[in-house]
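Here is protein-v2.cif, consisting of mmCIF, C-alpha atoms:
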```
data_entry
#
loop_
_atom_site.label_atom_id
_atom_site.label_comp_id
_atom_site.auth_asym_id
_atom_site.auth_seq_id
_atom_site.Cartn_x
_atom_site.Cartn_y
_atom_site.Cartn_z
CA MET A 210 101.88 106.95 85.69
CA PRO A 211 99.24 105.56 88.05
CA LEU A 212 102.12 103.94 89.90
CA LEU A 213 103.85 107.28 90.19
CA LEU A 214 100.69 108.78 91.59
CA ALA A 215 100.33 105.88 94.02
CA GLY A 216 103.92 106.33 95.14
CA THR A 217 103.42 110.03 95.69
CA PHE A 218 100.28 109.29 97.67
CA LEU A 219 102.16 106.89 99.89
CA LEU A 220 104.78 109.50 100.58
CA THR A 221 102.13 111.64 102.17
CA PRO A 222 102.47 111.00 105.87
CA PRO A 223 99.10 110.56 107.56
CA VAL A 224 98.48 111.31 111.21
CA ALA A 225 100.79 108.87 112.91
CA ILE A 226 99.56 105.65 114.40
CA GLY A 227 99.13 106.12 118.11
CA GLN A 228 98.18 109.73 117.70
CA GLU A 229 94.76 111.20 117.80
CA ALA A 230 93.01 114.02 116.12
CA PRO A 231 90.39 115.78 118.19
CA PRO A 232 86.91 114.28 118.16
CA ALA A 233 84.17 115.87 116.13
CA GLY A 234 82.59 118.59 118.15
CA ALA A 235 85.62 118.96 120.40
CA VAL A 236 85.39 121.69 122.97
CA ALA A 237 85.06 125.06 121.34
CA LEU A 238 88.13 127.00 122.29
CA GLN A 239 88.67 130.64 122.76
CA ASP A 240 90.24 131.98 119.60
CA SER A 241 93.32 134.03 120.16
CA VAL A 242 92.76 136.01 116.97
CA PRO A 243 91.49 139.46 117.80
CA ALA A 244 87.84 139.85 116.99
CA THR A 245 87.32 142.06 114.01
CA GLY A 246 83.65 142.76 114.70
CA SER A 247 80.97 142.94 112.04
CA PRO A 248 81.05 146.36 110.51
CA GLU A 249 78.28 147.62 108.26
CA PRO A 250 78.54 146.39 104.69
CA GLY A 251 80.37 148.79 102.46
CA THR A 252 82.51 150.32 105.21
CA ARG A 253 86.27 150.46 104.94
CA ALA A 254 86.62 147.93 107.77
CA ASP A 255 84.31 145.59 105.91
CA GLN A 256 86.40 145.91 102.79
CA ARG A 257 89.56 145.28 104.79
CA ASP A 258 87.95 142.18 106.32
CA ALA A 259 86.99 140.89 102.89
CA GLU A 260 90.54 141.45 101.65
CA LEU A 261 91.99 139.63 104.66
CA ASP A 262 89.54 136.76 104.19
CA ALA A 263 90.48 136.45 100.52
CA LEU A 264 94.20 136.52 101.32
CA THR A 265 93.73 134.03 104.14
CA ALA A 266 91.93 131.65 101.77
CA GLU A 267 94.65 132.13 99.15
CA ILE A 268 97.45 131.29 101.59
CA ALA A 269 95.48 128.44 103.18
CA ALA A 270 94.96 126.92 99.73
CA ARG A 271 98.74 126.61 99.38
CA LEU A 272 99.09 124.65 102.63
CA ARG A 273 98.41 120.97 103.15
CA CYS A 274 95.82 119.98 105.73
CA LEU A 275 97.84 118.04 108.30
CA VAL A 276 95.13 115.76 109.60
CA CYS A 277 93.36 114.87 106.36
CA ARG A 278 94.27 113.46 102.97
CA GLY A 279 94.30 115.38 99.73
CA GLN A 280 92.87 118.59 101.16
CA SER A 281 94.32 122.01 101.65
CA VAL A 282 93.96 123.98 104.86
CA ALA A 283 91.39 126.13 103.02
CA GLU A 284 89.22 123.13 102.15
CA SER A 285 89.41 121.25 105.43
CA SER A 286 86.92 121.70 108.22
CA SER A 287 89.17 120.07 110.82
CA GLN A 288 89.89 122.01 113.98
CA LEU A 289 93.62 122.24 113.27
CA ALA A 290 92.94 123.59 109.78
CA ARG A 291 90.58 126.20 111.22
CA GLU A 292 93.20 127.15 113.79
CA MET A 293 95.80 127.44 111.06
CA GLN A 294 93.47 129.71 109.11
CA ALA A 295 93.04 131.81 112.26
CA GLU A 296 96.83 131.97 112.61
CA ILE A 297 97.18 133.08 108.98
CA ARG A 298 94.56 135.76 109.45
CA ALA A 299 96.11 136.98 112.69
CA ARG A 300 99.50 137.27 111.01
CA LEU A 301 98.02 139.10 108.05
CA GLY A 302 96.35 141.43 110.52
CA ARG A 303 99.77 142.12 112.04
CA GLY A 304 101.05 143.13 108.63
CA GLU A 305 103.01 140.03 107.67
CA SER A 306 103.27 139.29 103.97
CA PRO A 307 101.91 136.05 102.46
CA ALA A 308 105.50 134.92 101.78
CA GLU A 309 106.46 135.49 105.44
CA ILE A 310 103.43 133.52 106.60
CA VAL A 311 104.18 130.61 104.28
CA ASP A 312 107.79 130.66 105.53
CA PHE A 313 106.52 130.49 109.10
CA PHE A 314 104.57 127.30 108.35
CA VAL A 315 107.53 125.82 106.46
CA GLU A 316 109.77 126.55 109.47
CA SER A 317 107.36 124.66 111.71
CA TYR A 318 106.39 121.75 109.48
CA GLY A 319 108.98 121.66 106.72
CA GLU A 320 108.39 121.95 102.99
CA TRP A 321 106.07 118.99 103.22
CA ILE A 322 103.31 121.38 104.22
CA LEU A 323 103.41 123.08 100.82
CA LEU A 324 100.99 121.60 98.30
CA ARG A 325 103.31 122.83 95.52
CA PRO A 326 106.84 122.14 96.72
CA PRO A 327 109.49 124.54 95.38
CA PRO A 328 111.22 123.05 92.30
CA ARG A 329 114.65 122.34 93.77
CA GLY A 330 116.60 119.34 95.03
CA VAL A 331 114.64 116.09 95.24
CA ASN A 332 111.44 118.08 94.63
CA LEU A 333 112.59 118.52 91.04
CA LEU A 334 111.66 114.87 90.43
CA VAL A 335 108.01 115.77 90.94
CA TYR A 336 108.25 118.25 88.09
CA ILE A 337 110.65 116.40 85.80
CA LEU A 338 109.34 112.81 85.99
CA PRO A 339 105.86 113.45 84.56
CA ALA A 340 107.31 115.52 81.69
CA ALA A 341 109.98 112.89 81.03
CA ALA A 342 107.36 110.13 81.07
CA PHE A 343 105.19 112.16 78.67
CA LEU A 344 108.09 112.72 76.27
CA LEU A 345 109.07 109.07 76.48
CA GLY A 346 105.49 108.11 75.65
CA LEU A 347 105.45 110.49 72.68
CA ALA A 348 108.74 109.02 71.43
CA GLY A 349 107.30 105.52 71.78
CA ILE A 350 104.18 106.43 69.80
CA TRP A 351 106.28 108.14 67.09
CA TRP A 352 108.53 105.08 66.78
CA TRP A 353 105.56 102.74 66.62
CA LEU A 354 103.83 104.79 63.91
CA ARG A 355 107.05 105.07 61.92
CA SER A 356 107.82 101.35 62.03
CA ARG A 357 104.21 100.58 61.10
CA ARG A 358 104.34 102.84 58.02
CA SER A 359 107.62 101.38 56.72
CA ALA A 360 106.60 97.73 57.19
CA PRO A 361 104.62 96.10 54.31
CA PRO A 362 100.99 95.65 55.18
CA ALA A 363 100.15 92.20 56.49
CA GLY A 364 98.98 89.85 53.71
CA ALA A 365 100.38 92.03 50.92
CA PRO A 366 101.90 89.98 48.01
CA THR A 367 105.65 89.97 48.19
CA ALA A 368 107.72 90.35 45.03
CA PRO A 369 109.14 87.06 43.63
CA ALA A 370 112.86 86.67 44.22
CA ASN A 371 113.68 86.33 40.49
CA SER A 372 111.54 89.21 39.24
CA ALA A 373 113.24 92.07 37.43
CA PRO A 374 114.13 95.14 39.46
CA ASP A 375 112.08 98.19 38.71
CA ASP A 376 114.86 100.22 37.00
CA GLY A 377 112.81 101.54 34.06
CA LEU A 378 114.54 99.32 31.41
CA ASP A 379 112.59 97.62 28.66
CA PRO A 380 112.72 93.84 28.86
CA GLU A 381 114.56 93.92 25.53
CA ASP A 382 117.19 96.37 26.70
CA ARG A 383 117.56 94.47 29.92
CA ALA A 384 118.17 91.19 28.03
CA TRP A 385 120.84 92.90 25.93
CA LEU A 386 122.49 94.44 28.99
CA GLU A 387 122.55 91.17 30.88
CA ALA A 388 124.00 89.33 27.90
CA ALA A 389 126.67 92.04 27.50
CA ILE A 390 127.64 91.78 31.16
CA ARG A 391 127.85 88.01 30.90
CA GLU A 392 130.09 88.19 27.83
CA GLY A 393 132.26 90.89 29.30
CA ARG A 394 131.55 93.33 26.49
CA MET B 187 115.83 100.89 67.86
CA ARG B 188 113.28 98.11 68.41
CA LYS B 189 115.55 96.66 71.07
CA ALA B 190 115.92 100.03 72.77
CA ILE B 191 112.17 100.50 72.93
CA ARG B 192 111.75 97.00 74.30
CA TRP B 193 113.99 98.06 77.20
CA ALA B 194 112.66 101.60 77.53
CA LEU B 195 109.18 100.59 78.64
CA PRO B 196 110.23 98.40 81.59
CA LEU B 197 112.88 100.98 82.48
CA ALA B 198 110.24 103.72 82.54
CA ALA B 199 108.41 101.73 85.20
CA VAL B 200 111.48 101.69 87.47
CA PRO B 201 111.25 105.25 88.93
CA PRO B 202 107.54 104.97 89.86
CA LEU B 203 108.14 101.52 91.35
CA ALA B 204 111.13 102.82 93.30
CA LEU B 205 108.99 105.68 94.61
CA LEU B 206 106.26 103.26 95.55
CA GLY B 207 108.74 101.01 97.32
CA PHE B 208 110.18 103.98 99.19
CA GLY B 209 106.68 104.99 100.27
CA LEU B 210 105.88 101.49 101.47
CA THR B 211 109.03 101.23 103.56
CA ARG B 212 108.47 104.54 105.33
CA ASP B 213 107.48 104.40 108.97
CA VAL B 214 104.39 106.54 109.36
CA LYS B 215 105.50 107.38 112.89
CA THR B 216 108.55 109.22 111.67
CA LEU B 217 106.78 112.30 110.42
CA PRO B 218 109.00 115.07 109.16
CA SER B 219 110.11 117.52 111.82
CA ALA B 220 111.59 120.78 110.74
CA LEU B 221 112.30 121.76 114.32
CA VAL B 222 114.89 119.19 115.39
CA GLY B 223 118.18 121.05 115.72
CA ALA B 224 116.44 124.43 115.83
CA PRO B 225 115.83 126.65 118.84
CA ALA B 226 112.63 125.69 120.65
CA PRO B 227 110.01 128.41 120.07
CA GLU B 228 109.49 130.43 123.21
CA PHE B 229 106.03 130.76 124.72
CA ARG B 230 104.18 131.99 127.74
CA LEU B 231 100.88 130.20 128.23
CA GLU B 232 98.14 130.03 130.80
CA ASP B 233 98.72 127.61 133.68
CA MET B 234 96.17 124.78 133.42
CA TYR B 235 95.73 124.81 137.22
CA ASP B 236 95.52 128.56 137.66
CA ALA B 237 94.12 130.73 134.88
CA SER B 238 95.55 133.83 136.53
CA ASP B 239 99.08 132.46 136.23
CA SER B 240 101.23 131.62 133.24
CA LEU B 241 104.33 129.57 132.54
CA SER B 242 107.05 130.11 129.99
CA LEU B 243 109.69 127.92 128.45
CA VAL B 244 112.53 130.30 129.18
CA GLU B 245 112.01 129.82 132.94
CA HIS B 246 113.37 126.30 132.51
CA ARG B 247 116.55 127.18 130.66
CA GLY B 248 119.47 125.22 132.11
CA ARG B 249 117.36 122.10 132.56
CA VAL B 250 116.41 119.39 130.10
CA VAL B 251 112.80 120.05 129.13
CA VAL B 252 110.34 117.36 128.12
CA LEU B 253 107.50 119.19 126.40
CA ASN B 254 104.50 116.91 126.07
CA TYR B 255 101.50 117.89 123.92
CA TRP B 256 98.47 116.03 125.19
CA ALA B 257 94.68 116.13 125.58
CA SER B 258 92.09 114.49 127.80
CA TRP B 259 90.21 113.10 124.78
CA CYS B 260 93.32 111.37 123.45
CA ALA B 261 93.44 107.61 124.12
CA PRO B 262 97.19 107.21 123.40
CA CYS B 263 97.76 109.92 126.03
CA ILE B 264 96.24 107.58 128.60
CA VAL B 265 98.59 104.83 127.37
CA GLU B 266 101.66 107.02 127.77
CA HIS B 267 100.66 108.57 131.08
CA PRO B 268 102.23 105.93 133.36
CA GLU B 269 105.48 106.35 131.43
CA LEU B 270 105.40 110.09 132.07
CA VAL B 271 104.70 109.47 135.76
CA ARG B 272 107.76 107.19 135.91
CA LEU B 273 109.86 109.71 134.00
CA ARG B 274 108.91 112.46 136.44
CA ALA B 275 109.72 110.21 139.40
CA ASP B 276 113.09 109.07 138.01
CA TYR B 277 114.64 112.46 137.32
CA ASP B 278 115.39 115.29 139.67
CA ALA B 279 113.31 118.42 139.09
CA ASP B 280 116.58 120.41 138.99
CA ASP B 281 117.73 118.33 136.05
CA LEU B 282 114.54 117.83 134.10
CA THR B 283 111.33 119.78 133.61
CA LEU B 284 108.29 117.88 132.43
CA LEU B 285 105.83 120.37 131.01
CA GLY B 286 102.50 119.41 129.50
CA VAL B 287 100.80 121.48 126.82
CA LEU B 288 97.05 120.91 126.67
CA TYR B 289 96.04 120.71 123.02
CA GLN B 290 92.55 121.47 121.69
CA ASP B 291 91.04 120.85 125.09
CA ALA B 292 89.52 122.71 128.01
CA PRO B 293 91.54 123.20 131.22
CA GLU B 294 88.86 121.68 133.46
CA ARG B 295 88.98 118.48 131.40
CA GLY B 296 92.76 118.46 131.61
CA ARG B 297 92.66 118.87 135.39
CA GLU B 298 90.08 116.06 135.65
CA PHE B 299 92.36 113.81 133.55
CA MET B 300 95.31 114.48 135.87
CA ARG B 301 93.17 113.86 138.96
CA ARG B 302 92.02 110.55 137.55
CA HIS B 303 95.36 109.30 136.23
CA GLY B 304 97.73 110.89 138.74
CA GLY B 305 101.04 112.62 138.28
CA GLU B 306 102.23 116.02 139.34
CA TRP B 307 103.78 118.28 136.78
CA PRO B 308 102.73 121.59 135.33
CA SER B 309 100.66 121.94 132.21
CA VAL B 310 99.78 124.98 130.15
CA VAL B 311 96.78 125.57 127.90
CA ASP B 312 97.46 126.24 124.23
CA TYR B 313 94.36 128.14 123.13
CA GLY B 314 93.92 128.16 119.38
CA SER B 315 96.89 125.73 119.08
CA ARG B 316 99.11 128.68 118.30
CA THR B 317 102.10 127.19 120.10
CA ALA B 318 101.37 123.74 118.68
CA ILE B 319 101.50 125.20 115.17
CA ARG B 320 104.83 126.87 115.94
CA TYR B 321 106.13 123.50 117.12
CA GLY B 322 104.83 121.75 114.00
CA VAL B 323 102.45 119.52 115.95
CA TYR B 324 100.19 117.23 113.89
CA GLY B 325 98.22 115.59 116.67
CA VAL B 326 98.64 114.28 120.18
CA PRO B 327 100.60 112.94 121.84
CA GLU B 328 103.81 114.50 120.60
CA THR B 329 106.77 115.02 122.88
CA PHE B 330 109.74 117.29 122.35
CA LEU B 331 113.05 116.96 124.08
CA ILE B 332 114.70 120.33 124.57
CA SER B 333 118.30 120.78 125.62
CA PRO B 334 119.28 122.99 128.57
CA GLU B 335 120.31 125.64 126.01
CA GLY B 336 116.86 125.59 124.42
CA THR B 337 117.48 123.50 121.28
CA VAL B 338 114.98 120.89 120.16
CA VAL B 339 117.01 117.68 120.04
CA TYR B 340 114.32 115.06 119.57
CA LYS B 341 110.67 114.77 118.69
CA LEU B 342 108.58 111.74 119.53
CA VAL B 343 105.38 111.32 117.57
CA GLY B 344 102.94 109.03 119.32
CA PRO B 345 102.95 107.77 122.88
CA LEU B 346 105.91 107.34 125.15
CA ASP B 347 105.56 103.63 125.85
CA PRO B 348 107.80 100.70 126.82
CA ARG B 349 109.01 100.54 123.21
CA THR B 350 109.81 104.24 122.71
CA ALA B 351 110.74 105.20 126.29
CA PRO B 352 114.24 103.61 126.33
CA VAL B 353 115.34 105.67 123.30
CA PHE B 354 113.80 108.78 124.78
CA ARG B 355 115.44 108.22 128.16
CA ALA B 356 118.78 107.53 126.52
CA ARG B 357 118.56 110.96 124.87
CA ILE B 358 117.73 112.57 128.21
CA ASP B 359 120.68 110.83 129.84
CA SER B 360 122.97 111.99 127.03
CA LEU B 361 121.79 115.57 127.47
CA LEU B 362 122.34 115.41 131.22
CA ALA B 363 125.79 113.88 130.74
CA VAL B 364 126.73 116.61 128.28
CA ARG B 365 125.38 119.26 130.63
CA ALA B 366 127.42 117.78 133.51
CA ALA B 367 130.51 117.90 131.28
CA GLY B 368 129.78 121.52 130.39
CA GLY B 369 128.87 120.81 126.74
CA SER B 370 125.79 121.67 124.73
CA GLY B 371 122.78 119.77 123.40
CA VAL B 372 124.12 120.11 119.87
CA GLU B 373 126.66 117.42 120.76
CA VAL B 374 123.80 115.06 121.58
CA LEU B 375 122.23 115.87 118.23
CA GLU B 376 125.47 115.18 116.42
CA SER B 377 126.11 111.94 118.28
CA ALA B 378 122.59 110.71 117.54
CA ASP B 379 122.44 107.40 115.73
CA GLY B 380 120.77 108.91 112.70
CA SER B 381 117.28 107.90 113.74
CA THR B 382 116.31 111.47 114.47
CA PRO B 383 112.80 111.77 113.14
#
```

For this file, write the structure as structure tokens.
Amino acid sequence: MPLLLAGTFLLTPPVAIGQEAPPAGAVALQDSVPATGSPEPGTRADQRDAELDALTAEIAARLRCLVCRGQSVAESSSQLAREMQAEIRARLGRGESPAEIVDFFVESYGEWILLRPPPRGVNLLVYILPAAAFLLGLAGIWWWLRSRRSAPPAGAPTAPANSAPDDGLDPEDRAWLEAAIREGR
Amino acid sequence: MRKAIRWALPLAAVPPLALLGFGLTRDVKTLPSALVGAPAPEFRLEDMYDASDSLSLVEHRGRVVVLNYWASWCAPCIVEHPELVRLRADYDADDLTLLGVLYQDAPERGREFMRRHGGEWPSVVDYGSRTAIRYGVYGVPETFLISPEGTVVYKLVGPLDPRTAPVFRARIDSLLAVRAAGGSGVEVLESADGSTP
């Protein structure tokens, strides 16, 4: 399983060699998202802002940060992630649904951008392999326990080869029966 | 049963190892691009040299467009710059448009970069990286090759350098040949050698 995780990690393309992410403290850029202002707490606009923020965070949490490892767009503080959040918010403000916004990012970056890829095609492996490995492990444990129970405990005295079988016969009856078989009676 | 189990454990290690091997053999420069083969997203952005003016992609329809995302703070952009200068010099402006898109940078810094390193081609400023996001840009430099009909036919991640330039130029030449023959960029896509990133 750790190998599977390592393999999955390696499939995550980092920022390509020869490319650069912006330096920390890169020039602050004018944001193209319309300013929403800071309405008084409790106003309808404030409530709408809070709803948009929550939805933005929800959608951003489903998208992979493109310039970092193991972080969603919601978690990352990189400039591109912040710009993607601004894009999400602007689109929500224009009335687009979360599904439409996710589709927009998938159109631009492919399904790779989704932290939970849809379970179809090759993606199915991601969902099936862990379950299959778990079931295989369970089967292995079951088999091991079963074979352990049926095997005689180590060091236990084994029955002598010429001892009488445990068939409930008295030694006397057994002697008579064996003699009768021998004599063909 | 015992025999089967003896085989099952090593066999269970095969899929993760195969996945690991696949990951190790992947070239990190060939990042996935959902846009190759799709229409290039249209845009109209502020001219880096004149904030009162803007440039759009559609103005260049009918020509091969090399769309280069770059920034003044990006070291690989300095590496690729001479290659872009040569590219601009080698192709007629009626055949090929070289258009820069300044990414996460201020126009004055972009202008200073061009003054220092030379080269004359237009650049636009992508405030908020909105166009970059539509193009699926991860970082800079990234260069898109767009057919005269407006289809993205190739995406180069990383600098255009002596190693990558021949492939890139070959694609440009194919597009121009197809255009001269009256065909479309889709033919170039289909005749690609399968190395489309």

What lies within 12 Å of Pro227 (chain B) using all atoms listed in the file, ignoring chain neighbours under 4 positions off, as a short mmCIF file (atom, residue, chain, number, x, y, z; two decimals) with C-alpha atoms, in the frame of the given file?
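File written: result_3.cif
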```
data_model
loop_
_atom_site.label_atom_id
_atom_site.label_comp_id
_atom_site.auth_asym_id
_atom_site.auth_seq_id
_atom_site.Cartn_x
_atom_site.Cartn_y
_atom_site.Cartn_z
CA PHE A 313 106.52 130.49 109.10
CA GLU A 316 109.77 126.55 109.47
CA SER A 317 107.36 124.66 111.71
CA LEU B 221 112.30 121.76 114.32
CA VAL B 222 114.89 119.19 115.39
CA GLY B 223 118.18 121.05 115.72
CA SER B 242 107.05 130.11 129.99
CA LEU B 243 109.69 127.92 128.45
CA VAL B 244 112.53 130.30 129.18
CA LEU B 253 107.50 119.19 126.40
CA ARG B 316 99.11 128.68 118.30
CA THR B 317 102.10 127.19 120.10
CA ALA B 318 101.37 123.74 118.68
CA ILE B 319 101.50 125.20 115.17
CA ARG B 320 104.83 126.87 115.94
CA TYR B 321 106.13 123.50 117.12
CA GLY B 322 104.83 121.75 114.00
CA PHE B 330 109.74 117.29 122.35
CA ILE B 332 114.70 120.33 124.57
CA GLY B 336 116.86 125.59 124.42
CA THR B 337 117.48 123.50 121.28
CA VAL B 338 114.98 120.89 120.16
#
```

- Message: Based on all atoms listed in the file, which of the residues in chain B come within 8 Å of chain A? I want them as a PyMOL selection string.
- Response: chain B and resi 191+198+201-203+205-210+212+214-221+259-262+290-292+313-316+319-328+343-345

- Task: Could you pull out every residue with an atom within 7 Å of (103.3, 124.5, 100.7), file coordinates, counting only C-alpha atoms, and send them as a list in words?
- Result: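 Nearby residues: Arg271, Leu272, Arg273, Glu320, Trp321, Ile322, Leu323, Leu324, Arg325 and Pro326 of chain A.
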
- Query: How far is it from CA of Gly248 (chain B) to CA of Glu335 (chain B), in Å with one decimal?
  - Reply: 6.2 Å

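Interatomic distance, CA of Thr265 (chain A) against CA of Cys277 (chain A): 19.3 Å.
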
- Message: If I take CA of Arg297 (chain B) and CA of Tyr235 (chain B), how far is one from the other in Å, to one decimal?
- Response: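 Calculated distance between CA of Arg297 (chain B) and CA of Tyr235 (chain B) is 6.9 Å.
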
- Task: Could you tell me which residues the PyMOL selection byres ((chain A and resi 297) around 9) returns for this structure, as a PyMOL selection string?
- Result: chain A and resi 264-265+268-269+292-296+298-302+307+310-311

- Message: Starting from the PyMOL selection byres ((chain B and resi 294) around 12), expand the selection into actual residues of this file and give them as an MDAnalysis selection string.
- Response: (chainID A and resid 236) or (chainID B and resid 233:237 257:258 288 291:293 295:301 309:311)

How would the residues just picked look written out with C-alpha atoms as a PDB file, in the coordinates of the input?
```pdb
ATOM      1  CA  VAL A 236      85.390 121.690 122.970  1.00  0.00           C
TER       2      VAL A 236
ATOM      3  CA  ASP B 233      98.720 127.610 133.680  1.00  0.00           C
ATOM      4  CA  MET B 234      96.170 124.780 133.420  1.00  0.00           C
ATOM      5  CA  TYR B 235      95.730 124.810 137.220  1.00  0.00           C
ATOM      6  CA  ASP B 236      95.520 128.560 137.660  1.00  0.00           C
ATOM      7  CA  ALA B 237      94.120 130.730 134.880  1.00  0.00           C
ATOM      8  CA  ALA B 257      94.680 116.130 125.580  1.00  0.00           C
ATOM      9  CA  SER B 258      92.090 114.490 127.800  1.00  0.00           C
ATOM     10  CA  LEU B 288      97.050 120.910 126.670  1.00  0.00           C
ATOM     11  CA  ASP B 291      91.040 120.850 125.090  1.00  0.00           C
ATOM     12  CA  ALA B 292      89.520 122.710 128.010  1.00  0.00           C
ATOM     13  CA  PRO B 293      91.540 123.200 131.220  1.00  0.00           C
ATOM     14  CA  ARG B 295      88.980 118.480 131.400  1.00  0.00           C
ATOM     15  CA  GLY B 296      92.760 118.460 131.610  1.00  0.00           C
ATOM     16  CA  ARG B 297      92.660 118.870 135.390  1.00  0.00           C
ATOM     17  CA  GLU B 298      90.080 116.060 135.650  1.00  0.00           C
ATOM     18  CA  PHE B 299      92.360 113.810 133.550  1.00  0.00           C
ATOM     19  CA  MET B 300      95.310 114.480 135.870  1.00  0.00           C
ATOM     20  CA  ARG B 301      93.170 113.860 138.960  1.00  0.00           C
ATOM     21  CA  SER B 309     100.660 121.940 132.210  1.00  0.00           C
ATOM     22  CA  VAL B 310      99.780 124.980 130.150  1.00  0.00           C
ATOM     23  CA  VAL B 311      96.780 125.570 127.900  1.00  0.00           C
TER      24      VAL B 311
END
```

- Task: Kindly resolve the PyMOL selection byres ((chain B and resi 347) around 9) on the present coordinates and return the residues as a ChimeraX atom specification.
- Result: /B:265-270,344-346,348-352

Expected file contents, prior selection, C-alpha atoms, as a PDB file, in the coordinates of the input:
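result-v3.pdb, written as the output of this step:
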```pdb
ATOM      1  CA  VAL B 265      98.590 104.830 127.370  1.00  0.00           C
ATOM      2  CA  GLU B 266     101.660 107.020 127.770  1.00  0.00           C
ATOM      3  CA  HIS B 267     100.660 108.570 131.080  1.00  0.00           C
ATOM      4  CA  PRO B 268     102.230 105.930 133.360  1.00  0.00           C
ATOM      5  CA  GLU B 269     105.480 106.350 131.430  1.00  0.00           C
ATOM      6  CA  LEU B 270     105.400 110.090 132.070  1.00  0.00           C
ATOM      7  CA  GLY B 344     102.940 109.030 119.320  1.00  0.00           C
ATOM      8  CA  PRO B 345     102.950 107.770 122.880  1.00  0.00           C
ATOM      9  CA  LEU B 346     105.910 107.340 125.150  1.00  0.00           C
ATOM     10  CA  PRO B 348     107.800 100.700 126.820  1.00  0.00           C
ATOM     11  CA  ARG B 349     109.010 100.540 123.210  1.00  0.00           C
ATOM     12  CA  THR B 350     109.810 104.240 122.710  1.00  0.00           C
ATOM     13  CA  ALA B 351     110.740 105.200 126.290  1.00  0.00           C
ATOM     14  CA  PRO B 352     114.240 103.610 126.330  1.00  0.00           C
TER      15      PRO B 352
END
```

Please fill the gaps in region 276-287 of chain A so it has N, CA and C atoms, and write that as a CSV table (one decimal), keeping the file's coordinate frame.
```csv
chain,number,residue,atom,x,y,z
A,276,VAL,N,95.8,116.9,109.0
A,276,VAL,CA,95.1,115.8,109.6
A,276,VAL,C,94.1,115.1,108.6
A,277,CYS,N,94.3,115.5,107.3
A,277,CYS,CA,93.4,114.9,106.4
A,277,CYS,C,94.2,114.5,105.1
A,278,ARG,N,93.6,113.9,104.2
A,278,ARG,CA,94.3,113.5,103.0
A,278,ARG,C,93.7,114.2,101.8
A,279,GLY,N,94.7,114.8,101.0
A,279,GLY,CA,94.3,115.4,99.7
A,279,GLY,C,93.5,116.7,99.9
A,280,GLN,N,93.6,117.3,101.0
A,280,GLN,CA,92.9,118.6,101.2
A,280,GLN,C,93.8,119.7,101.6
A,281,SER,N,93.5,120.9,101.2
A,281,SER,CA,94.3,122.0,101.6
A,281,SER,C,93.7,122.5,103.0
A,282,VAL,N,94.5,123.4,103.6
A,282,VAL,CA,94.0,124.0,104.9
A,282,VAL,C,92.7,124.8,104.6
A,283,ALA,N,92.6,125.3,103.4
A,283,ALA,CA,91.4,126.1,103.0
A,283,ALA,C,90.2,125.2,102.9
A,284,GLU,N,90.4,124.0,102.4
A,284,GLU,CA,89.2,123.1,102.2
A,284,GLU,C,88.8,122.4,103.4
A,285,SER,N,89.7,122.1,104.3
A,285,SER,CA,89.4,121.2,105.4
A,285,SER,C,88.6,121.9,106.5
A,286,SER,N,87.7,121.1,107.1
A,286,SER,CA,86.9,121.7,108.2
A,286,SER,C,87.4,121.2,109.6
A,287,SER,N,88.6,120.6,109.6
A,287,SER,CA,89.2,120.1,110.8
A,287,SER,C,89.5,121.2,111.7
```
